[in-house]
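Q: Next comes the structure file query_21.cif, holding mmCIF, C-alpha atoms.
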data_input
loop_
_atom_site.label_atom_id
_atom_site.label_comp_id
_atom_site.auth_asym_id
_atom_site.auth_seq_id
_atom_site.Cartn_x
_atom_site.Cartn_y
_atom_site.Cartn_z
CA MET A 1 60.79 10.10 76.69
CA ASN A 2 61.98 9.00 73.27
CA LYS A 3 59.35 6.24 73.30
CA ILE A 4 56.59 8.79 74.01
CA TYR A 5 57.67 11.00 71.07
CA SER A 6 57.85 7.95 68.85
CA ALA A 7 54.34 6.87 69.80
CA LEU A 8 53.02 10.39 69.25
CA ALA A 9 54.67 10.54 65.83
CA LEU A 10 53.05 7.24 64.81
CA MET A 11 49.63 8.52 65.89
CA LEU A 12 50.08 11.69 63.82
CA VAL A 13 51.13 9.72 60.76
CA ALA A 14 48.08 7.47 61.11
CA PHE A 15 45.77 10.50 61.52
CA PHE A 16 47.08 12.18 58.37
CA ALA A 17 46.87 8.91 56.42
CA VAL A 18 43.22 8.45 57.36
CA ALA A 19 42.47 12.11 56.63
CA CYS A 20 44.08 11.89 53.19
CA SER A 21 42.23 8.63 52.43
CA ASP A 22 38.82 10.18 53.30
CA LYS A 23 39.60 13.25 51.20
CA GLU A 24 40.43 11.12 48.19
CA ASN A 25 37.13 9.24 48.52
CA VAL A 26 35.15 12.48 48.73
CA GLU A 27 36.89 13.91 45.66
CA THR A 28 36.20 10.74 43.67
CA THR A 29 32.50 10.81 44.58
CA GLN A 30 32.20 14.48 43.73
CA THR A 31 34.13 14.15 40.43
CA ALA A 32 32.32 11.18 38.85
CA VAL A 33 29.48 11.87 36.35
CA LYS A 34 26.51 10.02 37.78
CA VAL A 35 23.28 9.44 35.82
CA LEU A 36 20.13 9.37 37.96
CA LYS A 37 17.59 8.63 35.23
CA SER A 38 17.32 8.89 31.46
CA GLN A 39 15.19 8.49 28.35
CA THR A 40 17.64 7.53 25.62
CA TYR A 41 15.43 5.40 23.33
CA LEU A 42 13.96 8.03 21.03
CA THR A 43 10.92 7.94 18.77
CA ALA A 44 11.17 8.19 14.99
CA ASN A 45 9.00 11.29 15.18
CA GLY A 46 11.84 13.30 16.72
CA ASP A 47 10.53 13.58 20.29
CA SER A 48 13.24 14.70 22.72
CA GLY A 49 14.89 12.49 25.31
CA TYR A 50 16.83 13.41 28.43
CA ILE A 51 19.59 12.47 30.87
CA VAL A 52 19.22 13.62 34.51
CA LEU A 53 22.52 13.85 36.41
CA GLN A 54 23.51 14.04 40.05
CA ALA A 55 25.44 17.22 39.27
CA PRO A 56 25.62 19.49 36.21
CA VAL A 57 28.09 18.86 33.40
CA VAL A 58 29.83 21.51 31.30
CA LYS A 59 29.85 19.58 28.03
CA ALA A 60 27.52 17.10 26.29
CA GLU A 61 28.91 15.98 22.94
CA SER A 62 26.81 14.03 20.44
CA HIS A 63 28.64 11.78 18.01
CA ALA A 64 25.99 11.86 15.27
CA GLU A 65 24.69 14.66 13.06
CA TRP A 66 21.08 13.62 13.60
CA LEU A 67 21.28 14.17 17.37
CA ALA A 68 21.73 17.56 19.11
CA THR A 69 22.12 18.15 22.83
CA SER A 70 21.19 20.94 25.23
CA ILE A 71 22.39 21.37 28.84
CA LYS A 72 19.92 22.86 31.33
CA GLY A 73 20.86 22.67 34.99
CA ASP A 74 21.53 19.09 35.98
CA SER A 75 19.85 17.72 32.83
CA VAL A 76 21.00 17.08 29.27
CA TYR A 77 18.25 17.10 26.64
CA LEU A 78 18.57 14.90 23.56
CA ILE A 79 17.07 16.48 20.43
CA PRO A 80 16.93 14.10 17.43
CA GLN A 81 15.92 14.74 13.86
CA PRO A 82 12.96 12.63 12.67
CA ASN A 83 14.04 9.26 11.29
CA SER A 84 12.22 8.48 8.04
CA ALA A 85 14.28 5.35 7.36
CA ILE A 86 12.76 1.96 8.09
CA THR A 87 15.84 1.00 10.12
CA GLY A 88 16.71 2.36 13.54
CA ARG A 89 19.98 4.13 14.35
CA SER A 90 22.23 4.65 17.36
CA THR A 91 25.06 6.81 18.64
CA HIS A 92 26.47 7.94 21.98
CA VAL A 93 26.82 11.15 23.96
CA THR A 94 29.95 12.02 25.93
CA LEU A 95 29.32 13.95 29.18
CA THR A 96 32.12 15.95 30.82
CA ASN A 97 31.93 17.80 34.16
CA LYS A 98 34.07 20.70 35.39
CA GLN A 99 36.50 18.34 37.11
CA GLY A 100 37.15 16.63 33.78
CA ALA A 101 35.37 13.39 34.59
CA VAL A 102 33.74 11.71 31.60
CA ALA A 103 30.74 9.41 31.12
CA VAL A 104 29.51 7.91 27.85
CA VAL A 105 25.77 7.30 27.35
CA SER A 106 24.34 5.28 24.45
CA VAL A 107 21.39 6.74 22.52
CA SER A 108 19.20 4.98 19.92
CA GLN A 109 16.24 5.99 17.75
CA GLU A 110 13.57 3.76 16.29
CA GLY A 111 13.00 3.50 12.53
CA LEU A 112 9.88 4.37 10.59
CA ILE A 113 6.83 2.16 10.99
CA PHE A 114 4.30 2.50 8.16
CA GLU A 115 1.56 -0.06 7.69
CA PHE A 116 -0.91 0.23 4.83
CA LYS A 117 -1.91 -2.12 2.04
CA LYS A 118 -0.30 -0.74 -1.09
CA GLY A 119 -2.42 -0.45 -4.22
CA THR A 120 -5.68 -0.22 -2.33
CA GLU A 121 -8.76 0.66 -4.38
CA LEU A 122 -12.24 1.66 -3.29
CA LEU A 123 -14.64 0.44 -5.98
CA ALA A 124 -18.18 1.39 -5.03
CA LEU A 125 -21.72 1.75 -6.26
CA ASP A 126 -23.49 5.11 -6.46
CA ALA A 127 -25.00 4.85 -2.97
CA ASP A 128 -23.46 6.48 0.12
CA THR A 129 -20.43 4.36 0.97
CA THR A 130 -18.05 4.15 3.93
CA ALA A 131 -14.91 2.03 3.95
CA THR A 132 -12.35 1.57 6.74
CA TYR A 133 -8.66 0.71 6.35
CA LYS A 134 -5.77 0.02 8.70
CA LEU A 135 -3.25 2.88 8.53
CA VAL A 136 -0.47 2.94 11.12
CA SER A 137 2.69 5.02 11.36
CA ASN A 138 4.92 6.26 14.17
CA LEU A 139 5.42 9.49 12.21
CA PRO A 140 2.76 12.12 11.49
CA ILE A 141 0.38 11.10 8.69
CA GLU A 142 -1.34 13.52 6.32
CA VAL A 143 -4.49 12.22 4.62
CA LYS A 144 -6.56 14.23 2.15
CA ALA A 145 -9.03 13.68 -0.70
CA ASP A 146 -8.86 15.35 -4.09
CA LYS A 147 -12.65 15.49 -4.60
CA GLU A 148 -15.34 17.24 -2.55
CA TRP A 149 -17.56 14.15 -2.54
CA ILE A 150 -14.87 12.17 -0.67
CA SER A 151 -14.28 12.78 3.06
CA VAL A 152 -11.58 11.16 5.19
CA ASN A 153 -10.90 10.68 8.89
CA HIS A 154 -7.75 9.12 10.34
CA LYS A 155 -7.74 8.22 14.02
CA ALA A 156 -6.17 5.54 16.23
CA GLY A 157 -4.66 3.60 13.34
CA LYS A 158 -7.87 3.51 11.29
CA LEU A 159 -8.65 5.45 8.12
CA SER A 160 -12.31 6.01 7.30
CA VAL A 161 -13.23 7.02 3.74
CA LYS A 162 -16.77 8.18 3.05
CA LEU A 163 -18.31 8.70 -0.41
CA GLU A 164 -21.39 10.81 -0.99
CA LYS A 165 -24.14 9.44 -3.23
CA ASN A 166 -23.32 9.71 -6.94
CA THR A 167 -26.21 11.43 -8.71
CA THR A 168 -24.28 12.47 -11.84
CA GLY A 169 -25.47 9.54 -13.95
CA ILE A 170 -21.92 8.72 -15.02
CA PRO A 171 -18.96 6.99 -13.36
CA ARG A 172 -16.70 9.25 -11.32
CA PHE A 173 -13.17 8.95 -9.98
CA GLY A 174 -11.17 10.39 -7.11
CA HIS A 175 -8.18 9.72 -4.90
CA VAL A 176 -7.28 9.62 -1.23
CA LEU A 177 -3.70 10.82 -0.81
CA ILE A 178 -1.61 9.50 2.09
CA GLU A 179 1.82 10.77 3.11
CA SER A 180 4.07 10.11 6.09
CA LYS A 181 7.51 11.74 6.03
CA GLY A 182 8.28 10.99 2.41
CA ILE A 183 6.33 7.74 2.14
CA LYS A 184 3.34 8.23 -0.15
CA ASP A 185 0.40 6.07 -1.08
CA THR A 186 -2.93 6.53 -2.82
CA ILE A 187 -6.37 4.96 -2.64
CA ARG A 188 -7.98 5.04 -6.08
CA VAL A 189 -11.70 5.66 -5.75
CA MET A 190 -14.26 4.73 -8.41
CA GLN A 191 -18.01 5.07 -7.95
CA ALA A 192 -20.56 3.81 -10.48
CA ASP A 193 -23.78 1.83 -10.76
CA LYS A 194 -24.47 -0.56 -13.62
CA ASP A 195 -26.79 2.00 -15.25
CA ASP A 196 -23.90 4.48 -15.47
CA LEU A 197 -22.11 2.12 -17.87
CA LEU A 198 -24.89 1.40 -20.36
CA GLY A 199 -24.50 2.72 -23.89
CA GLN A 200 -22.48 2.55 -27.08
CA TYR A 201 -18.73 1.80 -27.10
CA SER A 202 -16.01 1.08 -29.63
CA LEU A 203 -13.78 -1.94 -29.12
CA SER A 204 -10.23 -1.25 -30.29
CA THR A 205 -8.43 -4.53 -30.79
CA LEU A 206 -6.18 -6.66 -32.99
CA LYS A 207 -8.04 -9.23 -35.08
CA ILE A 208 -6.37 -12.63 -35.41
CA ALA A 209 -7.08 -14.66 -38.54
CA GLY A 210 -5.10 -17.86 -39.01
CA THR A 211 -1.40 -17.28 -39.59
CA ALA A 212 -1.88 -13.80 -41.04
CA LYS A 213 -0.50 -10.77 -39.25
CA PRO A 214 -3.02 -9.34 -36.72
CA THR A 215 -4.84 -6.27 -38.00
CA ALA A 216 -6.13 -3.33 -35.97
CA VAL A 217 -9.91 -3.04 -36.02
CA LYS A 218 -12.69 -1.21 -34.19
CA LEU A 219 -15.86 -3.10 -33.40
CA PRO A 220 -19.20 -1.66 -32.26
CA ILE A 221 -20.10 -2.69 -28.70
CA GLN A 222 -23.22 -1.95 -26.71
CA PHE A 223 -23.72 -2.53 -22.99
CA GLN A 224 -27.37 -3.35 -22.39
CA ASP A 225 -29.35 -3.66 -19.18
CA ALA A 226 -30.42 -7.05 -17.84
CA LYS A 227 -31.97 -8.27 -14.60
CA GLY A 228 -30.25 -7.74 -11.28
CA ASP A 229 -26.49 -7.32 -11.51
CA THR A 230 -26.34 -8.88 -15.00
CA ILE A 231 -25.19 -6.76 -17.92
CA SER A 232 -25.24 -7.80 -21.58
CA MET A 233 -22.56 -6.92 -24.11
CA LEU A 234 -23.75 -6.90 -27.73
CA ILE A 235 -20.79 -7.41 -30.07
CA GLN A 236 -21.02 -6.25 -33.69
CA ASN A 237 -24.83 -6.30 -33.35
CA THR A 238 -24.56 -10.08 -33.58
CA TYR A 239 -23.18 -11.79 -30.48
CA THR A 240 -24.59 -11.31 -26.97
CA LEU A 241 -22.25 -12.00 -24.06
CA LYS A 242 -23.71 -11.84 -20.56
CA GLY A 243 -21.63 -10.64 -17.63
CA VAL A 244 -21.97 -9.77 -13.96
CA TYR A 245 -21.40 -6.23 -12.74
CA LYS A 246 -19.17 -6.45 -9.66
CA GLY A 247 -19.30 -2.74 -8.80
CA GLY A 248 -16.66 -0.07 -9.21
CA GLY A 249 -16.66 -0.34 -13.00
CA VAL A 250 -15.73 -4.05 -13.04
CA ILE A 251 -17.60 -6.55 -15.25
CA GLU A 252 -16.92 -10.27 -15.20
CA PHE A 253 -17.79 -12.65 -18.06
CA LYS A 254 -17.82 -16.43 -17.84
CA MET A 255 -16.20 -18.21 -20.74
CA GLY A 256 -17.86 -21.08 -22.58
CA GLN A 257 -21.27 -19.44 -22.72
CA THR A 258 -23.25 -19.59 -25.94
CA ILE A 259 -23.44 -16.15 -27.54
CA LEU A 260 -25.26 -17.10 -30.75
CA THR A 261 -27.00 -20.14 -32.29
CA ARG A 262 -27.78 -20.86 -35.94
CA THR A 263 -29.75 -23.66 -37.51
CA ASN A 264 -29.16 -24.66 -41.12
CA ALA A 265 -31.66 -25.98 -43.66
CA SER A 266 -31.10 -29.57 -42.58
CA GLY A 267 -31.96 -28.72 -38.98
CA ALA A 268 -28.40 -28.91 -37.57
CA THR A 269 -27.64 -26.26 -34.96
CA SER A 270 -24.29 -24.53 -34.58
CA TYR A 271 -23.28 -22.98 -31.26
CA PHE A 272 -21.04 -19.95 -31.09
CA LYS A 273 -19.18 -19.74 -27.79
CA VAL A 274 -16.65 -17.36 -26.29
CA ALA A 275 -13.21 -18.43 -25.07
CA ALA A 276 -10.30 -16.72 -23.33
CA LEU A 277 -6.95 -16.73 -25.10
CA SER A 278 -3.67 -16.90 -23.24
CA LYS A 279 -0.56 -15.22 -24.57
CA LYS A 280 0.76 -18.69 -25.24
CA GLY A 281 -2.13 -19.27 -27.64
CA ALA A 282 -4.14 -21.67 -25.50
CA MET A 283 -7.95 -21.39 -25.49
CA PHE A 284 -10.05 -21.69 -22.32
CA TYR A 285 -13.80 -22.11 -22.65
CA ASP A 286 -14.61 -23.83 -19.38
CA SER A 287 -17.01 -21.83 -17.17
CA THR A 288 -14.31 -21.50 -14.52
CA ALA A 289 -12.33 -19.25 -16.87
CA LEU A 290 -13.32 -15.61 -16.55
CA LEU A 291 -12.75 -12.54 -18.68
CA THR A 292 -12.77 -9.42 -16.51
CA ILE A 293 -12.80 -5.82 -17.71
CA LYS A 294 -12.45 -2.66 -15.65
CA LEU A 295 -13.23 0.97 -16.35
CA ASN A 296 -10.15 3.14 -15.84
CA GLU A 297 -9.88 6.87 -15.19
CA LYS A 298 -9.52 7.60 -18.91
CA GLY A 299 -12.99 6.22 -19.50
CA ARG A 300 -11.69 3.02 -21.08
CA PHE A 301 -12.59 -0.54 -20.23
CA VAL A 302 -9.36 -2.52 -20.05
CA PHE A 303 -8.48 -6.13 -19.26
CA LEU A 304 -8.12 -6.99 -15.57
CA GLU A 305 -6.05 -10.01 -14.56
CA ASN A 306 -8.12 -12.43 -12.49
CA GLY A 307 -5.97 -15.56 -12.17
CA THR A 308 -8.53 -17.99 -13.66
CA VAL A 309 -6.37 -18.93 -16.65
CA PRO A 310 -3.58 -21.46 -15.91
CA ASP A 311 -0.69 -19.38 -17.27
CA ASN A 312 -2.24 -16.39 -15.46
CA ILE A 313 -1.93 -14.05 -18.43
CA LEU A 314 -4.75 -13.45 -20.88
CA GLY A 315 -3.87 -12.38 -24.37
CA GLY A 316 -7.41 -11.87 -25.66
CA TRP A 317 -10.58 -13.73 -26.53
CA ALA A 318 -12.03 -15.77 -29.36
CA ILE A 319 -15.38 -16.90 -30.77
CA LEU A 320 -15.51 -20.66 -31.32
CA LEU A 321 -17.96 -22.76 -33.31
CA PHE A 322 -19.27 -26.00 -31.77
CA LYS A 323 -21.54 -28.69 -33.23
CA ALA A 324 -23.18 -29.31 -29.86
CA GLU A 325 -24.37 -27.17 -26.97
CA LYS A 326 -21.88 -28.70 -24.58
CA ALA A 327 -18.43 -27.21 -25.11
CA ASP A 328 -16.68 -30.51 -25.68
CA PRO A 329 -13.35 -30.47 -27.57
CA ASP A 330 -14.62 -33.27 -29.81
CA ASP A 331 -17.44 -31.01 -30.98
CA LEU A 332 -15.24 -28.02 -31.77
CA ALA A 333 -15.73 -27.15 -35.45
CA GLY A 334 -13.33 -24.21 -35.64
CA VAL A 335 -12.38 -20.68 -34.63
CA VAL A 336 -14.63 -17.98 -36.05
CA GLU A 337 -12.75 -14.90 -34.84
CA GLY A 338 -9.93 -14.09 -32.45
CA TYR A 339 -8.90 -10.81 -30.80
CA ARG A 340 -6.18 -9.60 -28.48
CA SER A 341 -4.86 -6.40 -26.82
CA PHE A 342 -8.25 -4.78 -26.51
CA TYR A 343 -9.91 -1.81 -24.81
CA PHE A 344 -13.33 -0.17 -24.99
CA THR A 345 -14.08 3.54 -25.26
CA ARG A 346 -17.50 5.16 -24.94
CA ASN A 347 -18.85 6.76 -28.10
#
How does the structure come out when it is put into structure tokens?

A:
Amino acid sequence: MNKIYSALALMLVAFFAVACSDKENVETTQTAVKVLKSQTYLTANGDSGYIVLQAPVVKAESHAEWLATSIKGDSVYLIPQPNSAITGRSTHVTLTNKQGAVAVVSVSQEGLIFEFKKGTELLALDADTTATYKLVSNLPIEVKADKEWISVNHKAGKLSVKLEKNTTGIPRFGHVLIESKGIKDTIRVMQADKDDLLGQYSLSTLKIAGTAKPTAVKLPIQFQDAKGDTISMLIQNTYTLKGVYKGGGVIEFKMGQTILTRTNASGATSYFKVAALSKKGAMFYDSTALLTIKLNEKGRFVFLENGTVPDNILGGWAILLFKAEKADPDDLAGVVEGYRSFYFTRN
């Protein structure tokens, strides 16, 4: 009889042990915070993400000021602020259910992507013109023009800028303004034909004469029409320098060209040629050296760097006297005039 009671007691102990073990497993499964699916990589624009759970939680704590959370049913919504920094950022969210179980979920947000060529200019002739540029950002982009004759359209990473025909008879300027969450850029627009530039100007410059201190002078300049895209610049009613109109108010002059010839009583001819001056004082009169001027929004022609001079910085220009037509150093007779720091204004 004692053996029967002992056997029965062992069976009861085993039953309760198994029952307790199953109960513990059920409680563990019910208590754990289980994530079913999630979107935790967030856009820079501030689009929301989410965490879908097997069972609701009572608390979802973000560990960053830029990220808020909202619990709705069995989901936690992640609500970020837009990220206007070029670097991404990350944090984590702690989820707690009513049983006190905790799960930690990592959350990250991409940084700002903004792709546009800085310093872009649209230099155009008077005819109807359309130009297209690459403009990409993962944040909203606002594009607008400051003149009625400029229209813009931004779609699928491309910016289209359209200019109406210029019938004013003078150069005109405008801007396309671009902004994306604090990042700003501008396209400078200039529209002009060669004929819009013709007329009388004053050249404000510093005259260089030997070792004397440079003196400020104003010289009369006239832009005259020539065939095709050629434009002539008459200097002091004496020297004629021919250039090429490149559009958008830009004129390019080759150095080394003869701008005046004179023949003396004995029949010897002197050749006056133009040369570029570097800030280091070097003279460049080879035809590969270029002097480029550009009309700015103040109505002034100013020097435009073009990279054709070895030290890459022009300080001005000079008129040289040669004994032969070919600009050979051995035939250089002297420097007639030199100028630096110049600009032109229309009279």

Q: Asn45 (chain A): which residues within 7 Å, counting only C-alpha atoms, same-chain residues fewer than 3 positions away excluded, as a PDB file with C-alpha atoms, keeping the file's coordinate frame?

A:
ATOM      1  CA  PRO A  82      12.960  12.630  12.670  1.00  0.00           C
ATOM      2  CA  ASN A  83      14.040   9.260  11.290  1.00  0.00           C
ATOM      3  CA  ASN A 138       4.920   6.260  14.170  1.00  0.00           C
ATOM      4  CA  LEU A 139       5.420   9.490  12.210  1.00  0.00           C
TER       5      LEU A 139
END

Q: Measure the distance from CA of Lys134 (chain A) to CA of Thr186 (chain A) in Å and round it to one decimal.

A: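 CA of Lys134 (chain A) sits 13.5 Å away from CA of Thr186 (chain A).
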
Q: Using only C-alpha atoms, which residue out of A:Ala216, A:Val57, A:Leu135, A:Leu163 lies closest to Glu179 (chain A)?

A: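 Distance minimum relative to Glu179 (chain A) lands on A:Leu135.
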
Q: Find the residues around Val52 (chain A) up to 6 Å (only C-alpha atoms counted), leave out those fewer than 3 positions away in its own chain, and share them as a count of residues only.

A: 5

Q: What's the 8 Å shell around region 273-278 of chain A, counting all atoms listed in the file, without same-chain residues fewer than 3 positions away, as a PyMOL selection string?

A: chain A and resi 255-260+281-286+289-291+309+311-322+327+340

Q: What's the 10 Å shell around Leu198 (chain A), counting all atoms listed in the file, without same-chain residues fewer than 6 positions away, as a ChimeraX atom specification?

A: /A:170,222-225,231-233,346

Q: In Å, how far is it from CA of Lys242 (chain A) to CA of Gly199 (chain A)?

A: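 Separating CA of Lys242 (chain A) from CA of Gly199 (chain A) is a distance of 15.0 Å.
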
Q: Find the distance between CA of Lys207 (chain A) and CA of Thr345 (chain A) and write it in Å to one decimal.

A: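 Separation of CA of Lys207 (chain A) and CA of Thr345 (chain A): 17.2 Å.
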
Q: Using the chain letters and numbers from the file, give me the residues hit by the PyMOL selection byres ((chain A and resi 87) around 9), as a list in words.

A: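 In the shown coordinates, the PyMOL selection byres ((chain A and resi 87) around 9) covers Asn83, Ser84, Ala85, Ile86, Gly88, Arg89, Glu110, Gly111 and Leu112 of chain A.
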
Q: Quick one: residues within 8 Å of region 152-161 of chain A, only C-alpha atoms, excluding same-chain residues fewer than 2 positions away - as a list of chain:residue names?

A: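 Counting only the stated atoms, we get A:Thr130, A:Ala131, A:Thr132, A:Tyr133, A:Lys134, A:Leu135, A:Val136, A:Ser137, A:Val143, A:Lys144, A:Ala145, A:Ile150, A:Leu163, A:Val176.
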
Q: Which one of A:Pro80, A:Gly49, A:Gly334, A:Pro171 sits closest to Gly299 (chain A) if you count only C-alpha atoms?

A: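 Answer, going by the shortest atom-to-atom distance: A:Pro171.
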
Q: Using only C-alpha atoms, which residue out of A:Tyr77, A:Trp149, A:Phe173, A:Phe272 lies closest to Glu121 (chain A)?

A: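 Once distances to Glu121 (chain A) are computed over only C-alpha atoms, the minimum belongs to A:Phe173.
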
Q: Which of these, A:Lys184, A:Lys162, A:Lys59, A:Lys213, has the shortest distance to Lys117 (chain A) once you count all atoms listed in the file?

A: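 That would be A:Lys184, the residue with the smallest distance to Lys117 (chain A).
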
Q: Which one of A:Thr168, A:Arg300, A:Thr129, A:Ala324 sits closest to Thr263 (chain A) if you count all atoms listed in the file?

A: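 Nearest to Thr263 (chain A): A:Ala324.
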
Q: Applied to this file, what does the PyMOL selection byres ((chain A and resi 94) around 6) return in terms of residues, put as a list in words?

A: Ala60, Glu61, Val93, Leu95, Ala103 and Val104 of chain A

Q: Ranking A:Val335, A:Leu203, A:Ile141, A:Ile208 by minimum distance to Ile178 (chain A) and counting only C-alpha atoms, which one comes first?

A: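 Using only C-alpha atoms, the shortest distance to Ile178 (chain A) belongs to A:Ile141.
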
Q: Within 9 Å of (36.7, 8.3, 35.4), in the coordinates the file gives, what residues turn up when you count all atoms listed in the file, written out as a list of chain:residue names?

A: A:Thr28, A:Thr31, A:Ala32, A:Val33, A:Gly100, A:Ala101, A:Val102, A:Ala103

Q: Could you list, as a list in words, every residue matched by the PyMOL selection byres ((chain A and resi 65) around 12) in this structure?

A: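 Evaluating the PyMOL selection byres ((chain A and resi 65) around 12) on this file yields Glu61, Ser62, His63, Ala64, Trp66, Leu67, Ala68, Thr69, Ile79, Pro80, Gln81, Pro82, Arg89, Ser90, Thr91, His92 and Val93 of chain A.
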
Q: Write to file, as a short mmCIF file (atom, residue, chain, number, x, y, z; two decimals), in the coordinates of the input, the residues of the selection just made, with C-alpha atoms.

A:
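result37.cif written:
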data_model
loop_
_atom_site.label_atom_id
_atom_site.label_comp_id
_atom_site.auth_asym_id
_atom_site.auth_seq_id
_atom_site.Cartn_x
_atom_site.Cartn_y
_atom_site.Cartn_z
CA GLU A 61 28.91 15.98 22.94
CA SER A 62 26.81 14.03 20.44
CA HIS A 63 28.64 11.78 18.01
CA ALA A 64 25.99 11.86 15.27
CA TRP A 66 21.08 13.62 13.60
CA LEU A 67 21.28 14.17 17.37
CA ALA A 68 21.73 17.56 19.11
CA THR A 69 22.12 18.15 22.83
CA ILE A 79 17.07 16.48 20.43
CA PRO A 80 16.93 14.10 17.43
CA GLN A 81 15.92 14.74 13.86
CA PRO A 82 12.96 12.63 12.67
CA ARG A 89 19.98 4.13 14.35
CA SER A 90 22.23 4.65 17.36
CA THR A 91 25.06 6.81 18.64
CA HIS A 92 26.47 7.94 21.98
CA VAL A 93 26.82 11.15 23.96
#
